[in-house]
Amino acid sequence: MFLGRDFLAEEGQPGKSYVVILSNRLWSQHFGADRDIIGKTIRMNGESHTVVGILPPGIYDRFNSHCGYH
């Protein structure tokens, strides 16, 4: 992990809060590499998600898209 933390086991259970780990590229290009984004809420696919981590540079971005964030 570059910043923040990994997912917690309980976060994968149905009905739990939505959390997200951003790729380094998405974080840099769309959030201005703002280190203060950890703990903040962003909208993705019409849902609110709390940013808990940022991946290190060079990690493959599986979805190669904006994933519907706002």
# chains A, B, ... in the order shown; residues from 1 in each chain; ligands from 1
>>> residues_around(residues="His49 in chain A", least_positions_apart="4", cutoff="10 Å", atoms="only C-alpha atoms", output="compact mmCIF listing (two decimals) with C-alpha atoms, in the first residue's frame")
# COMPACT_ATOMS: atom_id res chain seq x y z
CA SER A 17 -19.91 0.45 4.44
CA TYR A 18 -18.55 0.98 0.97
CA VAL A 19 -14.80 1.56 0.90
CA VAL A 20 -12.38 1.92 -2.01
CA ILE A 21 -8.66 1.71 -2.69
CA GLY A 39 -10.95 9.04 4.82
CA LYS A 40 -12.95 11.25 2.47
CA THR A 41 -16.06 10.15 0.58
CA ILE A 42 -16.24 10.02 -3.21
CA ARG A 43 -19.08 8.92 -5.52
CA MET A 44 -18.56 5.86 -7.71
CA ASN A 45 -21.31 4.29 -9.79
CA TYR A 69 -16.56 7.99 -9.95
>>> select_by_dssp(residues="chain A", states="strand (DSSP E)", output="ChimeraX atom specification")
/A:3-4,19-22,41-44,47-54
>>> write_last_selection(atoms="N, CA and C atoms", output="PDB file, in the first residue's frame")
ATOM      1  N   LEU A   3      -0.446   4.581   0.340  1.00  0.00           N
ATOM      2  CA  LEU A   3      -1.032   5.412   1.398  1.00  0.00           C
ATOM      3  C   LEU A   3      -2.241   4.695   1.972  1.00  0.00           C
ATOM      4  N   GLY A   4      -2.527   4.926   3.235  1.00  0.00           N
ATOM      5  CA  GLY A   4      -3.721   4.363   3.849  1.00  0.00           C
ATOM      6  C   GLY A   4      -3.539   2.916   4.237  1.00  0.00           C
ATOM      7  N   VAL A  19     -16.136   0.979   0.861  1.00  0.00           N
ATOM      8  CA  VAL A  19     -14.803   1.563   0.905  1.00  0.00           C
ATOM      9  C   VAL A  19     -14.106   1.274  -0.420  1.00  0.00           C
ATOM     10  N   VAL A  20     -13.081   2.068  -0.742  1.00  0.00           N
ATOM     11  CA  VAL A  20     -12.382   1.920  -2.011  1.00  0.00           C
ATOM     12  C   VAL A  20     -10.893   2.190  -1.810  1.00  0.00           C
ATOM     13  N   ILE A  21     -10.091   1.444  -2.575  1.00  0.00           N
ATOM     14  CA  ILE A  21      -8.661   1.706  -2.695  1.00  0.00           C
ATOM     15  C   ILE A  21      -8.436   2.159  -4.129  1.00  0.00           C
ATOM     16  N   LEU A  22      -7.870   3.336  -4.289  1.00  0.00           N
ATOM     17  CA  LEU A  22      -7.671   3.911  -5.621  1.00  0.00           C
ATOM     18  C   LEU A  22      -6.339   3.483  -6.213  1.00  0.00           C
ATOM     19  N   THR A  41     -15.056  10.873   1.366  1.00  0.00           N
ATOM     20  CA  THR A  41     -16.058  10.154   0.584  1.00  0.00           C
ATOM     21  C   THR A  41     -16.052  10.655  -0.850  1.00  0.00           C
ATOM     22  N   ILE A  42     -16.083   9.694  -1.789  1.00  0.00           N
ATOM     23  CA  ILE A  42     -16.237  10.020  -3.210  1.00  0.00           C
ATOM     24  C   ILE A  42     -17.430   9.226  -3.730  1.00  0.00           C
ATOM     25  N   ARG A  43     -17.956   9.632  -4.895  1.00  0.00           N
ATOM     26  CA  ARG A  43     -19.078   8.922  -5.517  1.00  0.00           C
ATOM     27  C   ARG A  43     -18.542   8.067  -6.653  1.00  0.00           C
ATOM     28  N   MET A  44     -18.910   6.795  -6.637  1.00  0.00           N
ATOM     29  CA  MET A  44     -18.563   5.862  -7.712  1.00  0.00           C
ATOM     30  C   MET A  44     -19.804   5.071  -8.049  1.00  0.00           C
ATOM     31  N   GLU A  47     -22.849   5.557  -5.951  1.00  0.00           N
ATOM     32  CA  GLU A  47     -22.793   5.187  -4.536  1.00  0.00           C
ATOM     33  C   GLU A  47     -21.657   5.935  -3.849  1.00  0.00           C
ATOM     34  N   SER A  48     -21.821   6.249  -2.578  1.00  0.00           N
ATOM     35  CA  SER A  48     -20.766   6.875  -1.797  1.00  0.00           C
ATOM     36  C   SER A  48     -19.796   5.816  -1.292  1.00  0.00           C
ATOM     37  N   HIS A  49     -18.507   6.094  -1.436  1.00  0.00           N
ATOM     38  CA  HIS A  49     -17.440   5.202  -0.976  1.00  0.00           C
ATOM     39  C   HIS A  49     -16.421   6.026  -0.194  1.00  0.00           C
ATOM     40  N   THR A  50     -15.902   5.479   0.875  1.00  0.00           N
ATOM     41  CA  THR A  50     -14.839   6.121   1.633  1.00  0.00           C
ATOM     42  C   THR A  50     -13.500   5.612   1.117  1.00  0.00           C
ATOM     43  N   VAL A  51     -12.596   6.528   0.800  1.00  0.00           N
ATOM     44  CA  VAL A  51     -11.264   6.162   0.327  1.00  0.00           C
ATOM     45  C   VAL A  51     -10.439   5.719   1.530  1.00  0.00           C
ATOM     46  N   VAL A  52      -9.952   4.466   1.496  1.00  0.00           N
ATOM     47  CA  VAL A  52      -9.142   3.961   2.603  1.00  0.00           C
ATOM     48  C   VAL A  52      -7.690   3.763   2.208  1.00  0.00           C
ATOM     49  N   GLY A  53      -7.382   3.766   0.901  1.00  0.00           N
ATOM     50  CA  GLY A  53      -6.000   3.549   0.493  1.00  0.00           C
ATOM     51  C   GLY A  53      -5.721   3.956  -0.933  1.00  0.00           C
ATOM     52  N   ILE A  54      -4.425   4.090  -1.214  1.00  0.00           N
ATOM     53  CA  ILE A  54      -3.916   4.389  -2.552  1.00  0.00           C
ATOM     54  C   ILE A  54      -2.847   3.348  -2.861  1.00  0.00           C
TER      55      ILE A  54
END
>>> closest_residue(among="A:Leu55, A:Gly46, A:Asn24, A:Arg35", to="Phe7 in chain A", atoms="only C-alpha atoms")
A:Leu55
>>> select_by_dssp(residues="chain A", states="helix (DSSP H, G or I)", output="number ranges by chain")
A: 9-12, 24-31, 35-37
>>> write_last_selection(atoms="C-alpha atoms", output="compact mmCIF listing (two decimals), in the first residue's frame")
# COMPACT_ATOMS: atom_id res chain seq x y z
CA ALA A 9 -12.17 -8.59 6.42
CA GLU A 10 -15.53 -7.27 7.63
CA GLU A 11 -15.69 -4.76 4.76
CA GLY A 12 -16.34 -7.61 2.34
CA ASN A 24 -2.13 5.47 -8.14
CA ARG A 25 -2.97 6.61 -11.67
CA LEU A 26 -6.60 7.44 -10.84
CA TRP A 27 -5.53 9.21 -7.65
CA SER A 28 -2.93 11.27 -9.53
CA GLN A 29 -4.94 12.10 -12.64
CA HIS A 30 -8.37 12.72 -11.15
CA PHE A 31 -7.72 13.71 -7.55
CA ARG A 35 -2.84 12.89 0.19
CA ASP A 36 -5.74 14.21 2.27
CA ILE A 37 -8.24 12.11 0.28
>>> decode(residues="range 4-58 of chain A", atoms="C-alpha atoms", output="PDB file, in the first residue's frame")
ATOM      1  CA  GLY A   4      -3.721   4.363   3.849  1.00  0.00           C
ATOM      2  CA  ARG A   5      -4.623   0.765   4.500  1.00  0.00           C
ATOM      3  CA  ASP A   6      -5.870  -2.421   2.864  1.00  0.00           C
ATOM      4  CA  PHE A   7      -9.452  -3.672   3.079  1.00  0.00           C
ATOM      5  CA  LEU A   8     -10.584  -5.124   6.412  1.00  0.00           C
ATOM      6  CA  ALA A   9     -12.168  -8.594   6.421  1.00  0.00           C
ATOM      7  CA  GLU A  10     -15.526  -7.273   7.625  1.00  0.00           C
ATOM      8  CA  GLU A  11     -15.690  -4.760   4.758  1.00  0.00           C
ATOM      9  CA  GLY A  12     -16.343  -7.613   2.337  1.00  0.00           C
ATOM     10  CA  GLN A  13     -19.576  -8.594   4.064  1.00  0.00           C
ATOM     11  CA  PRO A  14     -22.962  -7.593   2.618  1.00  0.00           C
ATOM     12  CA  GLY A  15     -24.451  -4.466   4.142  1.00  0.00           C
ATOM     13  CA  LYS A  16     -21.146  -3.022   5.309  1.00  0.00           C
ATOM     14  CA  SER A  17     -19.906   0.452   4.439  1.00  0.00           C
ATOM     15  CA  TYR A  18     -18.552   0.983   0.969  1.00  0.00           C
ATOM     16  CA  VAL A  19     -14.803   1.563   0.905  1.00  0.00           C
ATOM     17  CA  VAL A  20     -12.382   1.920  -2.011  1.00  0.00           C
ATOM     18  CA  ILE A  21      -8.661   1.706  -2.695  1.00  0.00           C
ATOM     19  CA  LEU A  22      -7.671   3.911  -5.621  1.00  0.00           C
ATOM     20  CA  SER A  23      -5.045   3.080  -8.202  1.00  0.00           C
ATOM     21  CA  ASN A  24      -2.127   5.475  -8.140  1.00  0.00           C
ATOM     22  CA  ARG A  25      -2.975   6.607 -11.669  1.00  0.00           C
ATOM     23  CA  LEU A  26      -6.603   7.438 -10.840  1.00  0.00           C
ATOM     24  CA  TRP A  27      -5.530   9.210  -7.646  1.00  0.00           C
ATOM     25  CA  SER A  28      -2.929  11.274  -9.526  1.00  0.00           C
ATOM     26  CA  GLN A  29      -4.936  12.100 -12.640  1.00  0.00           C
ATOM     27  CA  HIS A  30      -8.367  12.716 -11.147  1.00  0.00           C
ATOM     28  CA  PHE A  31      -7.722  13.705  -7.546  1.00  0.00           C
ATOM     29  CA  GLY A  32      -4.532  15.737  -8.027  1.00  0.00           C
ATOM     30  CA  ALA A  33      -2.459  13.324  -5.892  1.00  0.00           C
ATOM     31  CA  ASP A  34      -4.173  14.801  -2.825  1.00  0.00           C
ATOM     32  CA  ARG A  35      -2.835  12.893   0.195  1.00  0.00           C
ATOM     33  CA  ASP A  36      -5.741  14.209   2.271  1.00  0.00           C
ATOM     34  CA  ILE A  37      -8.238  12.107   0.281  1.00  0.00           C
ATOM     35  CA  ILE A  38      -7.787   9.190   2.709  1.00  0.00           C
ATOM     36  CA  GLY A  39     -10.945   9.043   4.823  1.00  0.00           C
ATOM     37  CA  LYS A  40     -12.948  11.246   2.475  1.00  0.00           C
ATOM     38  CA  THR A  41     -16.058  10.154   0.584  1.00  0.00           C
ATOM     39  CA  ILE A  42     -16.237  10.020  -3.210  1.00  0.00           C
ATOM     40  CA  ARG A  43     -19.078   8.922  -5.517  1.00  0.00           C
ATOM     41  CA  MET A  44     -18.563   5.862  -7.712  1.00  0.00           C
ATOM     42  CA  ASN A  45     -21.305   4.291  -9.794  1.00  0.00           C
ATOM     43  CA  GLY A  46     -23.850   6.452  -7.989  1.00  0.00           C
ATOM     44  CA  GLU A  47     -22.793   5.187  -4.536  1.00  0.00           C
ATOM     45  CA  SER A  48     -20.766   6.875  -1.797  1.00  0.00           C
ATOM     46  CA  HIS A  49     -17.440   5.202  -0.976  1.00  0.00           C
ATOM     47  CA  THR A  50     -14.839   6.121   1.633  1.00  0.00           C
ATOM     48  CA  VAL A  51     -11.264   6.162   0.327  1.00  0.00           C
ATOM     49  CA  VAL A  52      -9.142   3.961   2.603  1.00  0.00           C
ATOM     50  CA  GLY A  53      -6.000   3.549   0.493  1.00  0.00           C
ATOM     51  CA  ILE A  54      -3.916   4.389  -2.552  1.00  0.00           C
ATOM     52  CA  LEU A  55      -1.940   1.741  -4.444  1.00  0.00           C
ATOM     53  CA  PRO A  56       1.750   2.322  -5.218  1.00  0.00           C
ATOM     54  CA  PRO A  57       2.791   3.531  -8.687  1.00  0.00           C
ATOM     55  CA  GLY A  58       2.967   0.851 -11.376  1.00  0.00           C
TER      56      GLY A  58
END
